[in-house]
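So this block is work-v2.cif, mmCIF, C-alpha atoms:
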```
data_run
#
loop_
_atom_site.label_atom_id
_atom_site.label_comp_id
_atom_site.auth_asym_id
_atom_site.auth_seq_id
_atom_site.Cartn_x
_atom_site.Cartn_y
_atom_site.Cartn_z
CA MET A 1 -22.38 -123.43 -69.04
CA LYS A 2 -21.29 -126.99 -69.39
CA ASN A 3 -23.99 -128.65 -67.45
CA LEU A 4 -27.46 -127.75 -68.66
CA LYS A 5 -29.17 -129.61 -65.86
CA HIS A 6 -27.33 -127.67 -63.18
CA PHE A 7 -27.99 -124.45 -65.05
CA ARG A 8 -31.73 -125.05 -64.93
CA ILE A 9 -31.70 -125.98 -61.26
CA ASP A 10 -29.87 -122.75 -60.52
CA LEU A 11 -32.59 -120.85 -62.32
CA LEU A 12 -35.21 -122.41 -60.10
CA ILE A 13 -33.25 -121.50 -56.99
CA PHE A 14 -32.69 -117.93 -58.06
CA THR A 15 -36.27 -117.22 -59.00
CA THR A 16 -35.55 -113.63 -59.76
CA PHE A 17 -32.90 -114.45 -62.34
CA LEU A 18 -32.30 -110.86 -63.50
CA VAL A 19 -29.69 -109.35 -65.78
CA SER A 20 -26.31 -107.30 -65.80
CA GLY A 21 -26.08 -103.95 -67.58
CA CYS A 22 -23.70 -103.84 -70.54
CA GLY A 23 -23.89 -101.71 -73.65
CA VAL A 24 -26.95 -101.94 -75.86
CA ASN A 25 -26.59 -102.61 -79.59
CA LEU A 26 -29.11 -100.16 -80.93
CA ILE A 27 -31.02 -100.29 -84.17
CA THR A 28 -30.56 -97.33 -86.46
CA ALA A 29 -33.85 -95.61 -87.04
CA THR A 30 -35.00 -92.36 -88.57
CA ALA A 31 -37.61 -90.32 -86.79
CA THR A 32 -40.80 -89.58 -88.74
CA PRO A 33 -40.87 -85.86 -89.61
CA GLU A 34 -43.69 -83.89 -88.07
CA LEU A 35 -46.28 -82.49 -90.46
CA SER A 36 -46.83 -78.76 -90.03
CA ALA A 37 -49.88 -76.71 -90.99
CA PRO A 38 -49.60 -73.97 -93.64
CA PRO A 39 -49.72 -70.31 -92.53
CA VAL A 40 -53.14 -69.29 -91.27
CA GLU A 41 -54.74 -66.81 -93.65
CA GLY A 42 -58.02 -66.65 -91.86
CA GLU A 43 -60.22 -68.99 -89.92
CA SER A 44 -62.49 -69.71 -92.85
CA SER A 45 -59.80 -70.07 -95.52
CA ALA A 46 -57.19 -72.08 -93.59
CA PRO A 47 -56.98 -75.68 -94.83
CA PRO A 48 -57.48 -78.46 -92.25
CA LEU A 49 -54.44 -79.88 -90.52
CA GLU A 50 -53.29 -83.27 -91.77
CA THR A 51 -53.19 -86.15 -89.33
CA SER A 52 -49.59 -86.80 -88.36
CA ALA A 53 -47.95 -90.20 -88.59
CA GLU A 54 -47.59 -90.14 -84.80
CA GLU A 55 -51.32 -89.54 -84.33
CA ILE A 56 -52.14 -92.41 -86.69
CA ILE A 57 -49.91 -94.78 -84.70
CA ILE A 58 -51.47 -93.67 -81.42
CA ASP A 59 -55.00 -94.15 -82.78
CA LYS A 60 -54.21 -97.64 -84.10
CA ASN A 61 -52.65 -98.69 -80.80
CA THR A 62 -55.29 -97.21 -78.49
CA PRO A 63 -57.55 -100.07 -77.35
CA THR A 64 -61.30 -100.05 -77.79
CA GLY A 65 -61.55 -102.46 -74.89
CA VAL A 66 -60.06 -105.41 -73.06
CA CYS A 67 -60.77 -109.14 -73.15
CA ALA A 68 -60.76 -111.53 -70.20
CA LYS A 69 -61.19 -115.26 -69.75
CA ASP A 70 -62.88 -117.07 -66.90
CA ALA A 71 -60.99 -120.20 -65.89
CA ALA A 72 -64.10 -122.38 -66.27
CA ASN A 73 -65.22 -121.30 -69.76
CA ASP A 74 -63.75 -121.34 -73.27
CA ILE A 75 -64.88 -117.84 -74.15
CA LEU A 76 -63.28 -114.43 -74.18
CA ALA A 77 -65.52 -111.78 -72.66
CA CYS A 78 -64.58 -108.36 -74.05
CA PHE A 79 -65.53 -105.06 -72.45
CA ASN A 80 -65.15 -101.43 -73.46
CA VAL A 81 -63.16 -98.91 -71.42
CA TYR A 82 -66.17 -98.39 -69.12
CA GLY A 83 -66.56 -102.08 -68.32
CA GLN A 84 -69.63 -102.50 -70.55
CA PRO A 85 -69.91 -105.68 -72.68
CA LEU A 86 -68.32 -105.31 -76.10
CA ALA A 87 -68.38 -108.85 -77.51
CA THR A 88 -68.10 -112.52 -76.61
CA LEU A 89 -65.55 -114.54 -78.57
CA GLN A 90 -65.81 -118.32 -78.74
CA VAL A 91 -62.48 -120.16 -78.31
CA PRO A 92 -63.28 -123.87 -77.75
CA GLY A 93 -60.35 -125.90 -76.46
CA ILE A 94 -58.20 -122.90 -75.59
CA GLY A 95 -57.45 -124.00 -72.02
CA SER A 96 -55.20 -121.12 -70.95
CA SER A 97 -55.86 -117.39 -71.01
CA ASP A 98 -52.21 -116.53 -71.67
CA PRO A 99 -52.27 -113.56 -74.11
CA GLN A 100 -49.09 -114.97 -75.69
CA GLY A 101 -51.24 -117.86 -76.89
CA MET A 102 -53.96 -115.94 -78.74
CA HIS A 103 -54.49 -113.06 -81.15
CA ILE A 104 -57.65 -111.16 -82.09
CA ALA A 105 -57.08 -110.92 -85.83
CA GLY A 106 -59.22 -107.92 -86.69
CA ALA A 107 -60.92 -104.79 -85.42
CA LEU A 108 -63.31 -105.15 -82.51
CA THR A 109 -65.66 -102.26 -81.92
CA THR A 110 -69.22 -101.84 -80.66
CA GLY A 111 -71.75 -103.15 -83.16
CA ALA A 112 -69.14 -104.41 -85.62
CA ALA A 113 -68.73 -107.99 -86.88
CA ILE A 114 -66.81 -110.35 -84.60
CA PRO A 115 -63.22 -110.75 -85.86
CA PRO A 116 -61.41 -114.11 -86.09
CA VAL A 117 -59.39 -115.31 -83.10
CA VAL A 118 -56.20 -117.33 -83.54
CA TYR A 119 -55.18 -119.40 -80.53
CA ARG A 120 -53.20 -122.43 -79.44
CA SER A 121 -54.77 -125.67 -78.29
CA TRP A 122 -53.42 -128.94 -76.88
CA GLU A 123 -56.46 -131.15 -77.46
CA PRO A 124 -56.83 -133.45 -79.30
CA GLU A 125 -53.37 -132.43 -80.63
CA GLN A 126 -51.12 -129.40 -80.46
CA ALA A 127 -52.27 -126.90 -83.06
CA LEU A 128 -53.08 -123.31 -83.89
CA LEU A 129 -56.83 -122.91 -84.31
CA ILE A 130 -59.00 -120.19 -85.83
CA SER A 131 -62.43 -119.34 -84.47
CA ALA A 132 -64.44 -117.33 -87.02
CA ASN A 133 -68.11 -116.99 -87.94
CA GLY A 134 -69.10 -119.53 -85.31
CA LYS A 135 -66.77 -122.23 -86.65
CA THR A 136 -63.41 -123.48 -85.39
CA THR A 137 -60.83 -124.81 -87.83
CA THR A 138 -57.19 -125.85 -87.63
CA LEU A 139 -54.78 -123.27 -88.97
CA ARG A 140 -51.71 -125.41 -88.46
CA LYS A 141 -50.56 -128.42 -86.46
CA THR A 142 -47.50 -127.60 -84.37
CA ASN A 143 -44.77 -129.15 -82.31
CA ALA A 144 -44.55 -127.83 -78.75
CA PHE A 145 -46.05 -124.36 -79.10
CA LEU A 146 -44.23 -121.54 -77.29
CA ALA A 147 -45.77 -118.13 -78.00
CA LEU A 148 -47.29 -115.83 -80.58
CA ALA A 149 -47.48 -112.07 -81.14
CA GLY A 150 -49.56 -110.09 -83.62
CA VAL A 151 -50.23 -106.68 -85.11
CA ALA A 152 -52.96 -104.81 -83.22
CA GLY A 153 -56.32 -105.39 -84.89
CA GLN A 154 -54.88 -107.10 -87.99
CA PRO A 155 -54.68 -110.71 -89.26
CA VAL A 156 -50.86 -110.65 -89.12
CA LEU A 157 -48.86 -112.58 -86.54
CA ALA A 158 -45.73 -114.55 -85.71
CA PHE A 159 -45.42 -117.69 -83.61
CA THR A 160 -42.79 -120.10 -82.32
CA GLU A 161 -42.76 -123.86 -81.91
CA VAL A 162 -40.08 -125.99 -80.25
CA ALA A 163 -38.83 -129.50 -80.88
CA TYR A 164 -36.12 -131.33 -78.96
CA ASP A 165 -32.96 -132.15 -80.88
CA GLY A 166 -31.02 -134.46 -78.57
CA ASN A 167 -31.00 -132.71 -75.20
CA ALA A 168 -31.38 -129.20 -76.62
CA PRO A 169 -34.49 -127.29 -77.70
CA HIS A 170 -34.63 -126.40 -81.39
CA SER A 171 -37.03 -123.48 -81.89
CA TYR A 172 -38.55 -122.23 -85.14
CA ILE A 173 -40.20 -118.88 -85.71
CA TYR A 174 -42.84 -118.21 -88.39
CA ALA A 175 -44.67 -115.10 -89.61
CA GLY A 176 -47.55 -114.40 -91.96
CA THR A 177 -51.28 -113.85 -92.30
CA LEU A 178 -54.23 -116.12 -91.67
CA ASP A 179 -54.05 -117.09 -95.34
CA THR A 180 -50.34 -118.00 -95.34
CA LEU A 181 -49.45 -119.28 -91.88
CA GLY A 182 -50.89 -122.71 -92.53
CA SER A 183 -48.07 -123.59 -94.93
CA THR A 184 -45.30 -121.01 -94.52
CA ALA A 185 -41.78 -122.14 -93.58
CA ALA A 186 -39.85 -120.84 -90.58
CA PHE A 187 -37.87 -117.72 -91.40
CA TYR A 188 -35.40 -118.32 -88.56
CA ASP A 189 -34.48 -121.10 -86.13
CA LEU A 190 -32.23 -121.66 -83.12
CA LYS A 191 -30.71 -124.70 -81.48
CA ASP A 192 -29.30 -123.69 -78.09
CA ASP A 193 -27.13 -126.49 -76.68
CA GLN A 194 -25.62 -124.40 -73.88
CA THR A 195 -28.44 -122.58 -72.10
CA GLY A 196 -31.63 -124.16 -73.44
CA MET A 197 -33.14 -120.88 -74.64
CA ALA A 198 -35.78 -120.63 -77.38
CA LEU A 199 -36.97 -117.92 -79.75
CA MET A 200 -40.05 -115.97 -78.61
CA PRO A 201 -41.83 -113.30 -80.71
CA VAL A 202 -42.83 -110.17 -78.80
CA ALA A 203 -44.02 -107.78 -81.53
CA VAL A 204 -44.77 -107.72 -85.25
CA GLU A 205 -44.79 -104.84 -87.73
CA ALA A 206 -46.80 -104.95 -90.95
CA VAL A 207 -47.15 -103.00 -94.17
CA GLY A 208 -50.37 -103.42 -96.11
CA GLU A 209 -51.41 -106.37 -93.89
CA GLN A 210 -48.18 -108.18 -94.71
CA ALA A 211 -45.65 -108.99 -91.99
CA GLN A 212 -42.55 -106.86 -92.40
CA LYS A 213 -40.56 -107.12 -89.17
CA VAL A 214 -40.64 -109.53 -86.23
CA TRP A 215 -39.23 -108.57 -82.86
CA TYR A 216 -38.14 -111.51 -80.72
CA THR A 217 -36.15 -112.45 -77.64
CA TYR A 218 -34.49 -115.60 -76.33
CA THR A 219 -36.55 -117.09 -73.51
CA ALA A 220 -35.87 -119.90 -71.02
CA TRP A 221 -37.50 -123.11 -72.23
CA GLY A 222 -38.65 -125.74 -69.74
CA ILE A 223 -37.93 -123.52 -66.73
CA GLY A 224 -40.61 -123.07 -64.10
CA GLY A 225 -41.37 -122.97 -60.42
CA ALA A 226 -44.18 -121.87 -58.17
CA ASP A 227 -42.16 -118.94 -56.85
CA LEU A 228 -40.82 -117.72 -60.20
CA VAL A 229 -41.90 -114.09 -60.45
CA TYR A 230 -40.63 -112.75 -63.79
CA PRO A 231 -39.97 -114.13 -67.27
CA ILE A 232 -36.39 -115.18 -68.00
CA ASN A 233 -35.47 -113.61 -71.33
CA ARG A 234 -32.22 -112.62 -72.96
CA GLY A 235 -31.60 -109.76 -75.40
CA LEU A 236 -33.89 -108.42 -78.10
CA TYR A 237 -33.66 -108.78 -81.87
CA VAL A 238 -35.57 -107.65 -84.95
CA PHE A 239 -35.76 -109.65 -88.18
CA ASP A 240 -36.58 -107.77 -91.39
CA LEU A 241 -38.54 -110.23 -93.53
CA ALA A 242 -38.14 -108.10 -96.67
CA THR A 243 -34.34 -107.97 -96.57
CA GLY A 244 -33.50 -110.99 -94.44
CA GLN A 245 -31.49 -108.73 -92.13
CA ASN A 246 -31.35 -109.85 -88.50
CA MET A 247 -30.37 -107.10 -86.04
CA GLN A 248 -29.72 -106.99 -82.31
CA ALA A 249 -31.54 -104.25 -80.41
CA LEU A 250 -30.77 -105.14 -76.79
CA ASP A 251 -27.64 -106.73 -75.38
CA THR A 252 -27.70 -110.34 -74.22
CA GLU A 253 -26.74 -109.15 -70.75
CA ARG A 254 -30.22 -107.66 -70.46
CA ASN A 255 -33.38 -109.57 -69.56
CA PHE A 256 -36.12 -108.20 -71.83
CA GLN A 257 -39.34 -107.37 -69.94
CA GLY A 258 -41.52 -105.37 -72.34
CA ILE A 259 -41.71 -103.27 -75.51
CA SER A 260 -43.76 -100.17 -76.33
CA PRO A 261 -46.61 -100.25 -78.90
CA ASP A 262 -44.45 -98.41 -81.46
CA ASN A 263 -41.41 -100.64 -80.75
CA THR A 264 -39.14 -97.74 -79.78
CA LEU A 265 -38.95 -98.25 -75.98
CA VAL A 266 -37.86 -101.38 -74.14
CA GLY A 267 -37.94 -102.33 -70.47
CA SER A 268 -35.27 -104.69 -69.15
CA ILE A 269 -33.49 -105.87 -66.03
CA SER A 270 -30.13 -107.47 -65.45
CA PHE A 271 -29.68 -111.05 -66.64
CA ASP A 272 -27.23 -111.66 -63.81
CA PHE A 273 -29.03 -112.71 -60.62
CA LYS A 274 -26.35 -110.83 -58.68
CA GLY A 275 -26.76 -107.73 -60.84
CA ASP A 276 -28.96 -104.65 -60.64
CA HIS A 277 -32.55 -105.85 -60.38
CA SER A 278 -34.17 -102.48 -61.09
CA MET A 279 -36.10 -101.56 -64.23
CA ARG A 280 -34.26 -99.84 -67.07
CA MET A 281 -36.00 -98.16 -69.98
CA THR A 282 -34.05 -97.92 -73.24
CA ASN A 283 -34.97 -95.76 -76.23
CA LEU A 284 -33.92 -97.83 -79.25
CA VAL A 285 -33.94 -94.79 -81.55
CA THR A 286 -31.88 -92.34 -79.49
CA GLY A 287 -29.97 -94.79 -77.28
CA GLN A 288 -31.08 -92.90 -74.17
CA MET A 289 -31.50 -95.03 -71.04
CA VAL A 290 -33.21 -94.26 -67.76
CA ASN A 291 -33.04 -96.46 -64.67
CA PHE A 292 -35.72 -96.50 -61.97
CA PRO A 293 -34.21 -97.56 -58.62
CA LEU A 294 -36.16 -100.22 -56.76
CA ASN A 295 -38.41 -99.42 -53.88
CA PRO A 296 -36.28 -100.33 -50.81
CA SER A 297 -38.67 -103.17 -49.92
CA SER A 298 -38.58 -104.79 -53.39
CA ASP A 299 -36.20 -107.68 -52.69
CA ARG A 300 -37.56 -109.67 -55.66
CA GLY A 301 -36.64 -107.07 -58.26
CA ALA A 302 -38.73 -105.77 -61.15
CA GLY A 303 -40.38 -106.99 -64.35
CA TYR A 304 -43.43 -106.92 -66.65
CA ALA A 305 -43.01 -103.46 -68.22
CA VAL A 306 -45.91 -101.95 -70.19
CA PHE A 307 -45.79 -98.59 -71.95
CA LEU A 308 -48.32 -95.82 -72.43
CA ILE A 309 -49.25 -95.46 -76.10
CA ASP A 310 -47.45 -92.11 -76.47
CA GLY A 311 -44.39 -93.30 -74.54
CA LYS A 312 -44.71 -90.81 -71.66
CA TYR A 313 -45.15 -93.36 -68.88
CA ALA A 314 -44.16 -96.94 -68.24
CA ALA A 315 -45.58 -99.23 -65.57
CA TRP A 316 -43.93 -102.31 -64.12
CA LEU A 317 -44.12 -104.77 -61.24
CA GLU A 318 -41.83 -104.85 -58.24
CA ALA A 319 -42.17 -107.54 -55.59
CA SER A 320 -41.01 -108.81 -52.22
CA GLY A 321 -41.46 -111.98 -50.21
CA SER A 322 -42.45 -115.47 -51.32
CA MET A 323 -45.58 -116.94 -52.88
CA ILE A 324 -44.88 -120.42 -51.47
CA ALA A 325 -43.95 -119.67 -47.85
CA LYS A 326 -46.03 -121.42 -45.17
CA LEU A 327 -47.36 -118.01 -44.30
CA PRO A 328 -47.42 -116.29 -47.72
CA ASN A 329 -45.72 -112.92 -47.48
CA PHE A 330 -45.56 -112.03 -51.16
CA GLN A 331 -46.23 -108.37 -51.84
CA ALA A 332 -46.65 -106.90 -55.31
CA ARG A 333 -46.14 -103.21 -56.03
CA ILE A 334 -46.93 -101.66 -59.39
CA ARG A 335 -45.02 -98.49 -60.11
CA VAL A 336 -45.48 -95.90 -62.85
CA GLY A 337 -42.47 -93.94 -64.05
CA ASP A 338 -42.14 -90.77 -66.10
CA ILE A 339 -39.62 -91.75 -68.78
CA ALA A 340 -38.58 -88.16 -69.53
CA THR A 341 -37.74 -87.30 -65.91
CA GLY A 342 -36.77 -90.74 -64.60
CA GLU A 343 -39.08 -90.31 -61.60
CA VAL A 344 -41.60 -92.74 -60.16
CA VAL A 345 -44.86 -90.79 -60.12
CA TYR A 346 -47.49 -93.35 -59.03
CA GLU A 347 -47.60 -96.58 -57.02
CA VAL A 348 -50.25 -99.14 -56.14
CA ASP A 349 -49.68 -102.25 -54.03
CA SER A 350 -51.47 -105.58 -53.67
CA THR A 351 -53.12 -104.53 -50.41
CA MET A 352 -54.81 -101.64 -52.20
CA ALA A 353 -55.91 -103.96 -55.01
CA ALA A 354 -57.38 -106.50 -52.58
CA GLN A 355 -59.35 -103.79 -50.81
CA SER A 356 -60.78 -102.50 -54.07
CA LEU A 357 -61.95 -106.02 -54.96
CA GLY A 358 -63.23 -106.96 -51.52
CA TRP A 359 -60.67 -109.77 -51.20
CA GLU A 360 -58.83 -110.83 -48.09
CA ARG A 361 -55.60 -110.63 -50.05
CA ALA A 362 -54.26 -110.48 -53.59
CA SER A 363 -51.76 -113.31 -54.10
CA PHE A 364 -50.32 -111.77 -57.28
CA MET A 365 -50.83 -108.87 -59.64
CA LYS A 366 -49.11 -107.28 -62.62
CA PRO A 367 -49.72 -104.46 -65.10
CA VAL A 368 -50.99 -105.70 -68.48
CA GLY A 369 -51.33 -102.47 -70.48
CA TRP A 370 -52.97 -99.08 -70.88
CA LEU A 371 -56.50 -98.26 -72.02
CA ASP A 372 -55.70 -94.57 -72.48
CA ALA A 373 -53.35 -91.87 -71.23
CA GLN A 374 -54.78 -92.00 -67.70
CA THR A 375 -55.91 -95.61 -67.27
CA LEU A 376 -53.65 -98.55 -66.44
CA VAL A 377 -55.09 -102.08 -66.46
CA ILE A 378 -53.90 -104.45 -63.71
CA GLU A 379 -54.52 -108.19 -63.47
CA ALA A 380 -55.02 -109.30 -59.86
CA ARG A 381 -55.38 -112.82 -58.49
CA GLY A 382 -56.96 -113.82 -55.20
CA SER A 383 -55.98 -116.47 -52.67
CA ASP A 384 -57.16 -119.01 -55.24
CA TRP A 385 -55.09 -118.50 -58.42
CA ASP A 386 -58.12 -119.11 -60.65
CA THR A 387 -59.91 -116.19 -59.03
CA ALA A 388 -58.81 -113.30 -61.22
CA SER A 389 -60.06 -109.82 -62.04
CA LEU A 390 -58.95 -106.87 -64.15
CA VAL A 391 -58.74 -103.57 -62.32
CA LYS A 392 -58.52 -100.02 -63.67
CA TYR A 393 -56.05 -97.68 -62.00
CA GLU A 394 -56.90 -94.05 -62.78
CA LEU A 395 -53.76 -91.93 -62.50
CA ALA A 396 -55.52 -88.60 -62.00
CA SER A 397 -57.60 -89.73 -59.02
CA GLY A 398 -55.51 -92.63 -57.77
CA SER A 399 -58.66 -94.76 -57.70
CA LEU A 400 -58.85 -98.51 -58.28
CA THR A 401 -62.08 -99.92 -59.73
CA ILE A 402 -62.96 -103.33 -61.10
CA LEU A 403 -63.17 -103.48 -64.88
CA CYS A 404 -64.27 -107.10 -65.27
CA GLN A 405 -63.79 -110.57 -63.84
CA GLY A 406 -61.38 -113.05 -65.40
CA SER A 407 -57.72 -113.13 -66.34
CA PHE A 408 -56.21 -110.91 -69.02
CA ALA A 409 -56.53 -112.29 -72.55
CA GLY A 410 -55.59 -109.26 -74.64
CA PHE A 411 -56.87 -105.91 -75.87
CA ALA A 412 -59.39 -105.13 -78.60
CA TYR A 413 -58.39 -102.53 -81.21
CA PRO A 414 -60.20 -100.39 -83.78
#
```
Can the structure in the file be given as structure tokens, please?
Amino acid sequence: MKNLKHFRIDLLIFTTFLVSGCGVNLITATATPELSAPPVEGESSAPPLETSAEEIIIDKNTPTGVCAKDAANDILACFNVYGQPLATLQVPGIGSSDPQGMHIAGALTTGAAIPPVVYRSWEPEQALLISANGKTTTLRKTNAFLALAGVAGQPVLAFTEVAYDGNAPHSYIYAGTLDTLGSTAAFYDLKDDQTGMALMPVAVEAVGEQAQKVWYTYTAWGIGGADLVYPINRGLYVFDLATGQNMQALDTERNFQGISPDNTLVGSISFDFKGDHSMRMTNLVTGQMVNFPLNPSSDRGAGYAVFLIDGKYAAWLEASGSMIAKLPNFQARIRVGDIATGEVVYEVDSTMAAQSLGWERASFMKPVGWLDAQTLVIEARGSDWDTASLVKYELASGSLTILCQGSFAGFAYP
């Protein structure tokens, strides 16, 4: 694209800038062998079964609760799966509740010590801050901060900052621990003269509390609009910090929309605004892909994929209408798909969410993650954008109940 300015204007016009489906460059991976129990010789003499690697991963990625932020206060209010208070985390100067701008850097369970929180701040200068033990300190001053991602319940994370080099964004991506991020150098950078994209971390893997791999996508930098529904991303990559190997996991013709907790499943849509706007799930280990056709009324396409911890279900947003029309007619529909069968098995729309909250209408909503195998968490916003609540959708009963007030700020982990 020769003219960057026109490219960005086009993105604003086509607010559902979604992707075309070409082949996916998959990462080679080896499945973890299942551990089997020895032959049973008798109930009393049989040794106990070992915990499988899969069970360990599921336990580590099963939340102990969820954290929310009220627009008026610089605190994160965390609640357990039943909506009971879990902890209050102080984050002075945080401003936004965007979960891509904060990371709870330790375990958070009932009665345990409060873990540190790493978050971005713009005042008095752009920086990453740490709130721990009642004190707030600067971890690192930054250029224009873009996003961060961390390992669940650990002090390991990656973040991106952007500086302008001429008319193009030059993005830098860093990874480390709370002890190293203050001085570590970027392990990778990108200057995108043609499309103005920047590097954005979406997941981090660690070994022994040391960052090992960083998953990242290219994301549109400086693109916005009141009626923009979904993130504009391109491809998916994984950088191995131990070997320096940089691999492509998802083709650049795909618009990345979410990754599973174990980094084996990815949700994406077409990067071509004239392409197929439905949600596709790709298994990065097997290469298997399943596409979920849009609901016939979803003229704004799909996005925001979140995966059940064991990979059985995925949830995503589909939408129709406009958020900025004189008479707002935007409708959000959250759908849950069975990845093995390729069938949509549950749906909940914004009218249902508004009724459960006692609102006249819900102006927007999206899935933000799973508390357990039967409980999806949805962020809903009222007529006033700052009025936000987190709602639990119970698959078995189809019921919607309020979990807490505030916008989604992340999950707590054991």
Evaluate the PyMOL selection byres ((chain A and resi 314) around 9) here and jot the selected residues down as a list in words.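 Listing what the PyMOL selection byres ((chain A and resi 314) around 9) selects in the shown file: Ser260, Gly267, Met281, Ala305, Val306, Phe307, Leu308, Gly311, Lys312, Tyr313, Ala315, Trp316, Arg335, Val336, Gly337, Asp338 and Ile339 of chain A.
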Pick out the residues sitting within 10 Å of Asp192 of chain A, and hand them over as a PyMOL selection string; count all atoms listed in the file, and ignore anything fewer than 2 positions along from it in its own chain. chain A and resi 165+167-171+189-190+194-199+218
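Of the listed residues (A:Trp221, A:Phe292, A:Trp215, A:Phe271), A:Trp215 comes nearest to Met247 of chain A; the distances count all atoms listed in the file.
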Using the chain letters and numbers from the file, which residues does the PyMOL selection byres ((chain A and resi 414) around 8) grab, as a compact mmCIF listing (two decimals) with C-alpha atoms, in the frame of the given file?
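Output contents, as saved in selection-v1.txt:
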```txt
# COMPACT_ATOMS: atom_id res chain seq x y z
CA LYS A 60 -54.21 -97.64 -84.10
CA THR A 62 -55.29 -97.21 -78.49
CA PRO A 63 -57.55 -100.07 -77.35
CA THR A 64 -61.30 -100.05 -77.79
CA ALA A 107 -60.92 -104.79 -85.42
CA LEU A 108 -63.31 -105.15 -82.51
CA THR A 109 -65.66 -102.26 -81.92
CA GLY A 153 -56.32 -105.39 -84.89
CA ALA A 412 -59.39 -105.13 -78.60
CA TYR A 413 -58.39 -102.53 -81.21
```
Output the residue selection produced by the PyMOL selection byres ((chain A and resi 135-145) around 7) on the file above, formatted as a ChimeraX atom specification. /A:126-134,146-147,160-163,182
